[in-house]
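Text of my_file22.pdb (PDB, C-alpha atoms) as supplied:
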```pdb
MODEL        1
ATOM      1  CA  MET A   1     -55.219 -41.820  50.219
ATOM      2  CA  ASN A   2     -56.338 -45.241  51.474
ATOM      3  CA  ARG A   3     -55.621 -48.478  49.619
ATOM      4  CA  GLN A   4     -59.040 -49.027  48.067
ATOM      5  CA  ARG A   5     -59.398 -45.517  46.695
ATOM      6  CA  GLY A   6     -55.840 -45.731  45.386
ATOM      7  CA  ALA A   7     -56.494 -49.002  43.593
ATOM      8  CA  GLY A   8     -59.688 -47.605  42.053
ATOM      9  CA  SER A   9     -57.857 -44.552  40.737
ATOM     10  CA  ILE A  10     -55.036 -46.631  39.237
ATOM     11  CA  ALA A  11     -57.680 -48.798  37.550
ATOM     12  CA  LEU A  12     -59.272 -45.652  36.094
ATOM     13  CA  ILE A  13     -55.888 -44.454  34.826
ATOM     14  CA  LEU A  14     -55.121 -47.813  33.185
ATOM     15  CA  MET A  15     -58.619 -47.845  31.680
ATOM     16  CA  SER A  16     -57.981 -44.367  30.275
ATOM     17  CA  VAL A  17     -54.616 -45.424  28.825
ATOM     18  CA  CYS A  18     -56.122 -48.495  27.140
ATOM     19  CA  LEU A  19     -59.082 -46.496  25.810
ATOM     20  CA  VAL A  20     -56.925 -43.748  24.296
ATOM     21  CA  SER A  21     -54.632 -46.346  22.666
ATOM     22  CA  VAL A  22     -57.608 -48.158  21.144
ATOM     23  CA  ALA A  23     -59.032 -44.786  20.095
ATOM     24  CA  GLN A  24     -55.875 -43.788  18.208
ATOM     25  CA  LEU A  25     -55.622 -47.164  16.448
ATOM     26  CA  ALA A  26     -59.311 -47.152  15.529
ATOM     27  CA  MET A  27     -59.170 -43.582  14.198
ATOM     28  CA  LYS A  28     -56.021 -44.374  12.245
ATOM     29  CA  TRP A  29     -57.479 -47.493  10.659
ATOM     30  CA  GLY A  30     -60.728 -45.729   9.844
ATOM     31  CA  MET A  31     -59.160 -42.618   8.328
ATOM     32  CA  SER A  32     -56.583 -44.593   6.329
ATOM     33  CA  THR A  33     -59.099 -46.993   4.809
ATOM     34  CA  LEU A  34     -61.734 -44.375   4.028
ATOM     35  CA  ALA A  35     -61.554 -44.006   0.240
ATOM     36  CA  LEU A  36     -62.124 -40.319  -0.347
ATOM     37  CA  GLU A  37     -59.981 -39.729  -3.456
ATOM     38  CA  GLY A  38     -61.912 -37.858  -6.117
ATOM     39  CA  PHE A  39     -64.737 -37.326  -3.681
ATOM     40  CA  HIS A  40     -67.052 -34.379  -4.270
ATOM     41  CA  PRO A  41     -69.431 -33.429  -1.438
ATOM     42  CA  SER A  42     -72.140 -32.504  -3.951
ATOM     43  CA  ASP A  43     -71.968 -35.847  -5.747
ATOM     44  CA  THR A  44     -74.702 -38.049  -4.248
ATOM     45  CA  VAL A  45     -73.502 -41.146  -6.150
ATOM     46  CA  THR A  46     -70.139 -40.984  -4.403
ATOM     47  CA  TRP A  47     -71.846 -40.445  -1.010
ATOM     48  CA  ASP A  48     -73.785 -43.657  -1.615
ATOM     49  CA  ALA A  49     -70.624 -45.556  -2.538
ATOM     50  CA  VAL A  50     -68.730 -44.243   0.499
ATOM     51  CA  LEU A  51     -71.517 -45.208   2.902
ATOM     52  CA  ARG A  52     -72.130 -48.614   1.363
ATOM     53  CA  HIS A  53     -68.483 -49.731   1.172
ATOM     54  CA  GLY A  54     -66.825 -47.354   3.581
ATOM     55  CA  TRP A  55     -69.108 -47.839   6.588
ATOM     56  CA  PRO A  56     -66.619 -50.016   8.552
ATOM     57  CA  SER A  57     -64.118 -47.180   8.257
ATOM     58  CA  LEU A  58     -66.686 -44.603   9.381
ATOM     59  CA  VAL A  59     -67.751 -46.802  12.299
ATOM     60  CA  SER A  60     -64.089 -47.177  13.249
ATOM     61  CA  VAL A  61     -63.549 -43.407  13.283
ATOM     62  CA  VAL A  62     -66.711 -42.715  15.301
ATOM     63  CA  ALA A  63     -65.914 -45.561  17.722
ATOM     64  CA  GLY A  64     -62.390 -44.158  18.056
ATOM     65  CA  LEU A  65     -63.738 -40.711  18.907
ATOM     66  CA  GLY A  66     -66.119 -42.299  21.419
ATOM     67  CA  CYS A  67     -63.287 -44.202  23.091
ATOM     68  CA  TYR A  68     -61.304 -40.974  23.198
ATOM     69  CA  ALA A  69     -64.143 -39.175  24.974
ATOM     70  CA  LEU A  70     -64.486 -42.072  27.450
ATOM     71  CA  SER A  71     -60.753 -42.057  28.104
ATOM     72  CA  MET A  72     -60.911 -38.330  28.938
ATOM     73  CA  LEU A  73     -63.783 -39.039  31.349
ATOM     74  CA  CYS A  74     -61.800 -41.784  33.133
ATOM     75  CA  TRP A  75     -58.743 -39.523  33.200
ATOM     76  CA  GLY A  76     -60.695 -36.661  34.696
ATOM     77  CA  MET A  77     -62.205 -38.909  37.369
ATOM     78  CA  ALA A  78     -58.811 -40.364  38.249
ATOM     79  CA  LEU A  79     -57.235 -36.902  38.530
ATOM     80  CA  LYS A  80     -59.637 -36.007  41.339
ATOM     81  CA  LYS A  81     -57.827 -38.448  43.595
ATOM     82  CA  VAL A  82     -54.383 -38.829  42.046
ATOM     83  CA  PRO A  83     -51.862 -36.050  41.327
ATOM     84  CA  LEU A  84     -50.944 -35.498  37.682
ATOM     85  CA  SER A  85     -47.311 -36.300  38.447
ATOM     86  CA  MET A  86     -48.343 -39.846  39.309
ATOM     87  CA  ALA A  87     -50.868 -40.224  36.489
ATOM     88  CA  TYR A  88     -49.006 -38.771  33.500
ATOM     89  CA  PRO A  89     -46.232 -41.383  33.264
ATOM     90  CA  PHE A  90     -48.976 -43.996  32.805
ATOM     91  CA  LEU A  91     -50.275 -42.018  29.837
ATOM     92  CA  SER A  92     -46.906 -42.263  28.138
ATOM     93  CA  LEU A  93     -47.373 -46.047  28.251
ATOM     94  CA  SER A  94     -50.003 -45.494  25.570
ATOM     95  CA  TYR A  95     -47.177 -44.578  23.148
ATOM     96  CA  VAL A  96     -45.889 -48.139  23.558
ATOM     97  CA  LEU A  97     -49.368 -49.660  23.237
ATOM     98  CA  VAL A  98     -50.100 -47.659  20.072
ATOM     99  CA  TYR A  99     -46.715 -48.619  18.589
ATOM    100  CA  ILE A 100     -47.323 -52.327  19.188
ATOM    101  CA  GLY A 101     -50.908 -52.063  17.989
ATOM    102  CA  SER A 102     -49.860 -50.235  14.820
ATOM    103  CA  LEU A 103     -47.785 -53.260  13.789
ATOM    104  CA  PHE A 104     -51.009 -55.277  13.550
ATOM    105  CA  LEU A 105     -53.438 -52.876  11.885
ATOM    106  CA  PRO A 106     -55.205 -54.899   9.153
ATOM    107  CA  GLY A 107     -54.198 -53.736   5.713
ATOM    108  CA  ILE A 108     -52.139 -50.775   6.857
ATOM    109  CA  ALA A 109     -49.688 -52.386   9.287
ATOM    110  CA  GLU A 110     -46.851 -50.046  10.171
ATOM    111  CA  HIS A 111     -43.226 -51.028  10.333
ATOM    112  CA  PHE A 112     -41.016 -51.888  13.265
ATOM    113  CA  SER A 113     -38.079 -49.552  13.642
ATOM    114  CA  TRP A 114     -35.332 -49.520  16.282
ATOM    115  CA  LEU A 115     -34.978 -45.776  15.868
ATOM    116  CA  LYS A 116     -38.670 -45.291  16.576
ATOM    117  CA  LEU A 117     -38.413 -47.579  19.602
ATOM    118  CA  TRP A 118     -35.472 -45.619  21.008
ATOM    119  CA  GLY A 119     -37.339 -42.386  20.349
ATOM    120  CA  ILE A 120     -40.350 -43.627  22.316
ATOM    121  CA  ALA A 121     -38.011 -44.845  25.097
ATOM    122  CA  LEU A 122     -36.461 -41.366  25.301
ATOM    123  CA  ILE A 123     -39.909 -39.762  25.473
ATOM    124  CA  LEU A 124     -40.854 -42.143  28.313
ATOM    125  CA  ALA A 125     -37.606 -41.259  30.098
ATOM    126  CA  GLY A 126     -38.316 -37.561  29.582
ATOM    127  CA  VAL A 127     -41.811 -37.922  31.052
ATOM    128  CA  ALA A 128     -40.426 -39.874  34.023
ATOM    129  CA  VAL A 129     -37.801 -37.185  34.695
ATOM    130  CA  THR A 130     -40.308 -34.338  34.241
ATOM    131  CA  PHE A 131     -42.695 -35.750  36.794
ATOM    132  CA  HIS A 132     -40.194 -37.272  39.194
ATOM    133  CA  GLY A 133     -38.984 -35.446  42.219
ATOM    134  CA  GLY A 134     -40.486 -32.206  43.444
ATOM    135  CA  LEU A 135     -44.028 -33.519  43.609
ATOM    136  CA  ARG A 136     -45.066 -30.211  45.119
ATOM    137  CA  SER A 137     -43.878 -28.099  42.199
ATOM    138  CA  THR A 138     -45.383 -30.616  39.763
ATOM    139  CA  ARG A 139     -48.749 -30.459  41.464
ATOM    140  CA  GLN A 140     -48.714 -26.721  40.874
ATOM    141  CA  THR A 141     -47.917 -27.072  37.168
ATOM    142  CA  ALA A 142     -50.540 -29.740  36.915
ATOM    143  CA  GLY A 143     -53.680 -28.117  36.063
ATOM    144  CA  MET A 144     -53.050 -29.356  32.547
TER     145      MET A 144
ATOM    146  CA  MET B 145     -52.908 -28.609   2.967
ATOM    147  CA  ASN B 146     -49.503 -29.717   4.183
ATOM    148  CA  THR B 147     -49.934 -32.398   6.861
ATOM    149  CA  ALA B 148     -47.217 -30.913   9.079
ATOM    150  CA  ILE B 149     -49.179 -27.644   9.172
ATOM    151  CA  VAL B 150     -52.416 -29.449  10.083
ATOM    152  CA  PHE B 151     -50.492 -31.377  12.758
ATOM    153  CA  SER B 152     -49.281 -28.070  14.197
ATOM    154  CA  ILE B 153     -52.865 -26.763  14.171
ATOM    155  CA  SER B 154     -54.030 -29.872  16.034
ATOM    156  CA  LEU B 155     -51.213 -29.525  18.569
ATOM    157  CA  LEU B 156     -51.779 -25.804  19.162
ATOM    158  CA  ALA B 157     -55.552 -26.238  19.372
ATOM    159  CA  SER B 158     -55.004 -28.976  21.950
ATOM    160  CA  ALA B 159     -52.757 -26.657  23.960
ATOM    161  CA  CYS B 160     -55.379 -23.893  23.718
ATOM    162  CA  SER B 161     -58.007 -26.357  24.913
ATOM    163  CA  HIS B 162     -55.886 -27.267  27.955
ATOM    164  CA  TYR B 163     -55.340 -23.567  28.663
ATOM    165  CA  TRP B 164     -59.098 -22.852  28.598
ATOM    166  CA  GLN B 165     -59.798 -25.994  30.643
ATOM    167  CA  LYS B 166     -57.548 -24.576  33.318
ATOM    168  CA  ARG B 167     -59.210 -21.150  33.002
ATOM    169  CA  SER B 168     -62.575 -22.906  33.379
ATOM    170  CA  ALA B 169     -61.393 -24.599  36.579
ATOM    171  CA  LEU B 170     -60.298 -21.209  37.914
ATOM    172  CA  HIS B 171     -63.633 -19.696  36.862
ATOM    173  CA  PHE B 172     -65.588 -22.400  38.695
ATOM    174  CA  ALA B 173     -63.449 -21.876  41.793
ATOM    175  CA  ARG B 174     -64.180 -18.147  41.726
ATOM    176  CA  TYR B 175     -67.956 -18.588  41.326
ATOM    177  CA  PRO B 176     -68.857 -21.750  43.269
ATOM    178  CA  ASP B 177     -72.445 -20.602  43.723
ATOM    179  CA  HIS B 178     -73.245 -20.576  39.993
ATOM    180  CA  SER B 179     -75.742 -23.222  38.871
ATOM    181  CA  LEU B 180     -74.525 -26.185  36.800
ATOM    182  CA  GLY B 181     -76.322 -24.850  33.751
ATOM    183  CA  ARG B 182     -74.652 -21.467  34.061
ATOM    184  CA  LYS B 183     -71.277 -23.148  34.500
ATOM    185  CA  LEU B 184     -71.756 -25.294  31.395
ATOM    186  CA  VAL B 185     -72.247 -22.300  29.098
ATOM    187  CA  CYS B 186     -69.509 -20.092  30.496
ATOM    188  CA  GLN B 187     -67.034 -18.670  27.991
ATOM    189  CA  PRO B 188     -63.881 -20.501  29.152
ATOM    190  CA  LEU B 189     -65.580 -23.902  28.917
ATOM    191  CA  MET B 190     -67.086 -23.128  25.501
ATOM    192  CA  LEU B 191     -63.649 -22.137  24.239
ATOM    193  CA  ALA B 192     -62.083 -25.273  25.741
ATOM    194  CA  ILE B 193     -64.622 -27.454  23.917
ATOM    195  CA  PHE B 194     -64.245 -25.516  20.656
ATOM    196  CA  PHE B 195     -60.465 -25.973  20.607
ATOM    197  CA  LEU B 196     -60.831 -29.630  21.560
ATOM    198  CA  LEU B 197     -63.123 -30.256  18.581
ATOM    199  CA  LEU B 198     -60.801 -28.333  16.265
ATOM    200  CA  SER B 199     -57.868 -30.404  17.491
ATOM    201  CA  ALA B 200     -59.759 -33.677  16.973
ATOM    202  CA  ILE B 201     -60.849 -32.829  13.413
ATOM    203  CA  ALA B 202     -57.339 -31.722  12.451
ATOM    204  CA  TRP B 203     -55.989 -34.928  14.003
ATOM    205  CA  LEU B 204     -58.225 -37.073  11.801
ATOM    206  CA  TYR B 205     -56.765 -35.290   8.764
ATOM    207  CA  VAL B 206     -53.223 -35.986  10.008
ATOM    208  CA  LEU B 207     -54.044 -39.671  10.521
ATOM    209  CA  ARG B 208     -54.899 -40.051   6.838
ATOM    210  CA  ASP B 209     -51.316 -39.259   5.937
ATOM    211  CA  TRP B 210     -48.988 -40.077   8.833
ATOM    212  CA  SER B 211     -48.314 -43.370  10.620
ATOM    213  CA  VAL B 212     -50.045 -43.343  13.994
ATOM    214  CA  SER B 213     -46.941 -44.826  15.667
ATOM    215  CA  VAL B 214     -45.052 -41.712  14.511
ATOM    216  CA  ALA B 215     -47.716 -39.016  14.854
ATOM    217  CA  TYR B 216     -49.038 -40.006  18.284
ATOM    218  CA  PRO B 217     -45.715 -39.868  20.210
ATOM    219  CA  MET B 218     -45.099 -36.480  18.633
ATOM    220  CA  LEU B 219     -48.107 -35.245  20.588
ATOM    221  CA  SER B 220     -45.852 -35.223  23.646
ATOM    222  CA  LEU B 221     -44.724 -31.864  22.257
ATOM    223  CA  ASN B 222     -47.907 -30.846  24.060
ATOM    224  CA  LEU B 223     -46.197 -31.492  27.363
ATOM    225  CA  ILE B 224     -43.429 -29.050  26.489
ATOM    226  CA  ILE B 225     -45.946 -26.443  25.340
ATOM    227  CA  MET B 226     -48.036 -26.858  28.491
ATOM    228  CA  LEU B 227     -44.945 -26.479  30.676
ATOM    229  CA  LEU B 228     -44.177 -23.187  28.901
ATOM    230  CA  ILE B 229     -47.780 -22.030  29.343
ATOM    231  CA  SER B 230     -47.704 -22.980  33.037
ATOM    232  CA  ARG B 231     -44.545 -20.967  33.486
ATOM    233  CA  PHE B 232     -45.304 -17.880  31.392
ATOM    234  CA  SER B 233     -49.114 -17.679  31.478
ATOM    235  CA  PHE B 234     -49.957 -18.924  34.936
ATOM    236  CA  GLY B 235     -46.646 -17.985  36.531
ATOM    237  CA  GLU B 236     -46.144 -21.383  38.077
ATOM    238  CA  PRO B 237     -42.682 -22.484  39.212
ATOM    239  CA  VAL B 238     -40.908 -24.840  36.828
ATOM    240  CA  SER B 239     -37.810 -26.496  38.196
ATOM    241  CA  SER B 240     -34.722 -27.715  36.366
ATOM    242  CA  HIS B 241     -35.757 -31.358  36.181
ATOM    243  CA  HIS B 242     -38.793 -30.240  34.185
ATOM    244  CA  TRP B 243     -36.500 -28.712  31.557
ATOM    245  CA  VAL B 244     -34.218 -31.768  31.516
ATOM    246  CA  GLY B 245     -37.297 -33.894  30.978
ATOM    247  CA  CYS B 246     -38.356 -31.598  28.109
ATOM    248  CA  VAL B 247     -34.967 -32.004  26.424
ATOM    249  CA  LEU B 248     -35.256 -35.783  26.640
ATOM    250  CA  ILE B 249     -38.803 -35.665  25.252
ATOM    251  CA  GLY B 250     -37.633 -33.366  22.461
ATOM    252  CA  LEU B 251     -34.806 -35.726  21.537
ATOM    253  CA  GLY B 252     -37.187 -38.667  21.593
ATOM    254  CA  ILE B 253     -39.601 -36.870  19.288
ATOM    255  CA  LEU B 254     -36.728 -36.066  16.924
ATOM    256  CA  LEU B 255     -35.768 -39.747  16.729
ATOM    257  CA  VAL B 256     -39.354 -40.788  16.099
ATOM    258  CA  ALA B 257     -39.744 -38.169  13.372
ATOM    259  CA  VAL B 258     -36.459 -39.175  11.726
ATOM    260  CA  SER B 259     -37.474 -42.837  11.789
ATOM    261  CA  ALA B 260     -40.362 -41.896   9.505
ATOM    262  CA  THR B 261     -38.203 -40.461   6.737
TER     263      THR B 261
ENDMDL
END
```
For the structure just supplied, provide its representation as structure tokens.
Amino acid sequence: MNRQRGAGSIALILMSVCLVSVAQLAMKWGMSTLALEGFHPSDTVTWDAVLRHGWPSLVSVVAGLGCYALSMLCWGMALKKVPLSMAYPFLSLSYVLVYIGSLFLPGIAEHFSWLKLWGIALILAGVAVTFHGGLRSTRQTAGM
Amino acid sequence: MNTAIVFSISLLASACSHYWQKRSALHFARYPDHSLGRKLVCQPLMLAIFFLLLSAIAWLYVLRDWSVSVAYPMLSLNLIIMLLISRFSFGEPVSSHHWVGCVLIGLGILLVAVSAT
């Protein structure tokens, strides 16, 4: 794999990781701020209220889903040139990005926790170990 | 419905989607002369898309209740499930470092889940 193609694939992977992180945060914010308590699908008055006041939340959810679809596209394109064993550890970086991002979600900011941080670190270590060494056997399990 | 149950549905649907994505890839490899249109409506791909949509909708429900910084890392359970599917469904070799990695991931998920209580 020559240098230029390699760099392009890594860029696609990083793009995918950023997109999926943004997607998760956007979906979370949207779903958490969407006021659906006491909502009846047949009640047109409530539909009106949801759309008039809840549209930022709806936009956030739809945008999140869109980013998710885009991230899958980038991921798929990258996987044509890069083995999964090289790509997947990058994906686990999104756990860190989502964690950091979740601390800043407006109105629903989540809490910092050392235990959570260590848990994410262990997951990253697990991913690194799973995909390290034996590239050949990992390429075979890859069709995920 | 209990959020943990919906989370499990999302996780399993995602695994099913990956399984059918792989079956689709195998299908395309077996029939390379099929037109694009015929490939797009083949059963494995339709099933892959169906399970993907199911997983996404269930995930939105989970996000209403759980913190995203807790729920999202727990999706790495998918990796463990996919490794099992690779081994027992597709008969692919899985070496010891894969299992060690799974244990580490499992422990990490446990810590993340506990941090939420």
Would you kindly report the residues of chain B within 8 Å of chain A, using all atoms listed in the file, as a PyMOL selection string? chain B and resi 162-163+165-166+204-205+207-209+211-214+216-217+220+226-227+230-231+236-239+241-259
Suppose we keep C-alpha atoms; can you now write the selection as a compact mmCIF listing (two decimals), keeping the file's coordinate frame?
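So the final result, stored in out-v2.txt, reads:
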```
# COMPACT_ATOMS: atom_id res chain seq x y z
CA HIS B 162 -55.89 -27.27 27.96
CA TYR B 163 -55.34 -23.57 28.66
CA GLN B 165 -59.80 -25.99 30.64
CA LYS B 166 -57.55 -24.58 33.32
CA LEU B 204 -58.22 -37.07 11.80
CA TYR B 205 -56.76 -35.29 8.76
CA LEU B 207 -54.04 -39.67 10.52
CA ARG B 208 -54.90 -40.05 6.84
CA ASP B 209 -51.32 -39.26 5.94
CA SER B 211 -48.31 -43.37 10.62
CA VAL B 212 -50.04 -43.34 13.99
CA SER B 213 -46.94 -44.83 15.67
CA VAL B 214 -45.05 -41.71 14.51
CA TYR B 216 -49.04 -40.01 18.28
CA PRO B 217 -45.72 -39.87 20.21
CA SER B 220 -45.85 -35.22 23.65
CA MET B 226 -48.04 -26.86 28.49
CA LEU B 227 -44.94 -26.48 30.68
CA SER B 230 -47.70 -22.98 33.04
CA ARG B 231 -44.54 -20.97 33.49
CA GLU B 236 -46.14 -21.38 38.08
CA PRO B 237 -42.68 -22.48 39.21
CA VAL B 238 -40.91 -24.84 36.83
CA SER B 239 -37.81 -26.50 38.20
CA HIS B 241 -35.76 -31.36 36.18
CA HIS B 242 -38.79 -30.24 34.18
CA TRP B 243 -36.50 -28.71 31.56
CA VAL B 244 -34.22 -31.77 31.52
CA GLY B 245 -37.30 -33.89 30.98
CA CYS B 246 -38.36 -31.60 28.11
CA VAL B 247 -34.97 -32.00 26.42
CA LEU B 248 -35.26 -35.78 26.64
CA ILE B 249 -38.80 -35.66 25.25
CA GLY B 250 -37.63 -33.37 22.46
CA LEU B 251 -34.81 -35.73 21.54
CA GLY B 252 -37.19 -38.67 21.59
CA ILE B 253 -39.60 -36.87 19.29
CA LEU B 254 -36.73 -36.07 16.92
CA LEU B 255 -35.77 -39.75 16.73
CA VAL B 256 -39.35 -40.79 16.10
CA ALA B 257 -39.74 -38.17 13.37
CA VAL B 258 -36.46 -39.17 11.73
CA SER B 259 -37.47 -42.84 11.79
```
Atomic separation - atom CA of Ser85 of chain A relative to atom CA of Asn222 of chain B, Å: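 Atom CA of Asn222 of chain B sits 15.4 Å away from atom CA of Ser85 of chain A.
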Take atom CA of Leu219 of chain B and atom CA of Gly107 of chain A and report the distance between them in Å, one decimal.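 Result for atom CA of Leu219 of chain B versus atom CA of Gly107 of chain A: 24.5 Å, one decimal.
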I'd like to know which of A:Leu36, A:Ala69, A:Ala63, A:Met77 is closest to Leu51 of chain A, using all atoms listed in the file. A:Leu36
What's the separation between atom CA of Ala78 of chain A and atom CA of Leu12 of chain A, in Å to one decimal place?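 Computing it gives 5.7 Å between the two atoms.
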What are the centre and edge lengths in Å, to one decimal, of the axis-aligned box around all listed atoms of segment 60-77 of chain A with 6 Å added on each side, as AutoDock Vina command-line options?
```
--center_x -62.7 --center_y -41.9 --center_z 25.3 --size_x 20.0 --size_y 22.5 --size_z 36.1
```
With a distance cut-off of 9 Å and only C-alpha atoms, select the neighbouring residues of segment 187-190 of chain B, excluding the residue or stretch itself and same-chain residues fewer than 2 positions from it, and output the selection as an NGL selection string. :B and (161 or 164-169 or 171 or 183-185 or 192-195)
Residues in the PyMOL selection byres ((chain A and resi 13) around 7), expressed as a VMD selection string: chain A and resid 9 to 12 14 to 17 74 to 75 78 87
How would you write, as a list in words, the residues chosen by the PyMOL selection byres ((chain B and resi 150) around 12) on this structure? Met145, Asn146, Thr147, Ala148, Ile149, Phe151, Ser152, Ile153, Ser154, Leu155, Leu156, Ala157, Leu198, Ser199, Ala200, Ile201, Ala202, Trp203, Leu204, Tyr205, Val206, Leu207, Arg208, Asp209, Trp210 and Ala215 of chain B
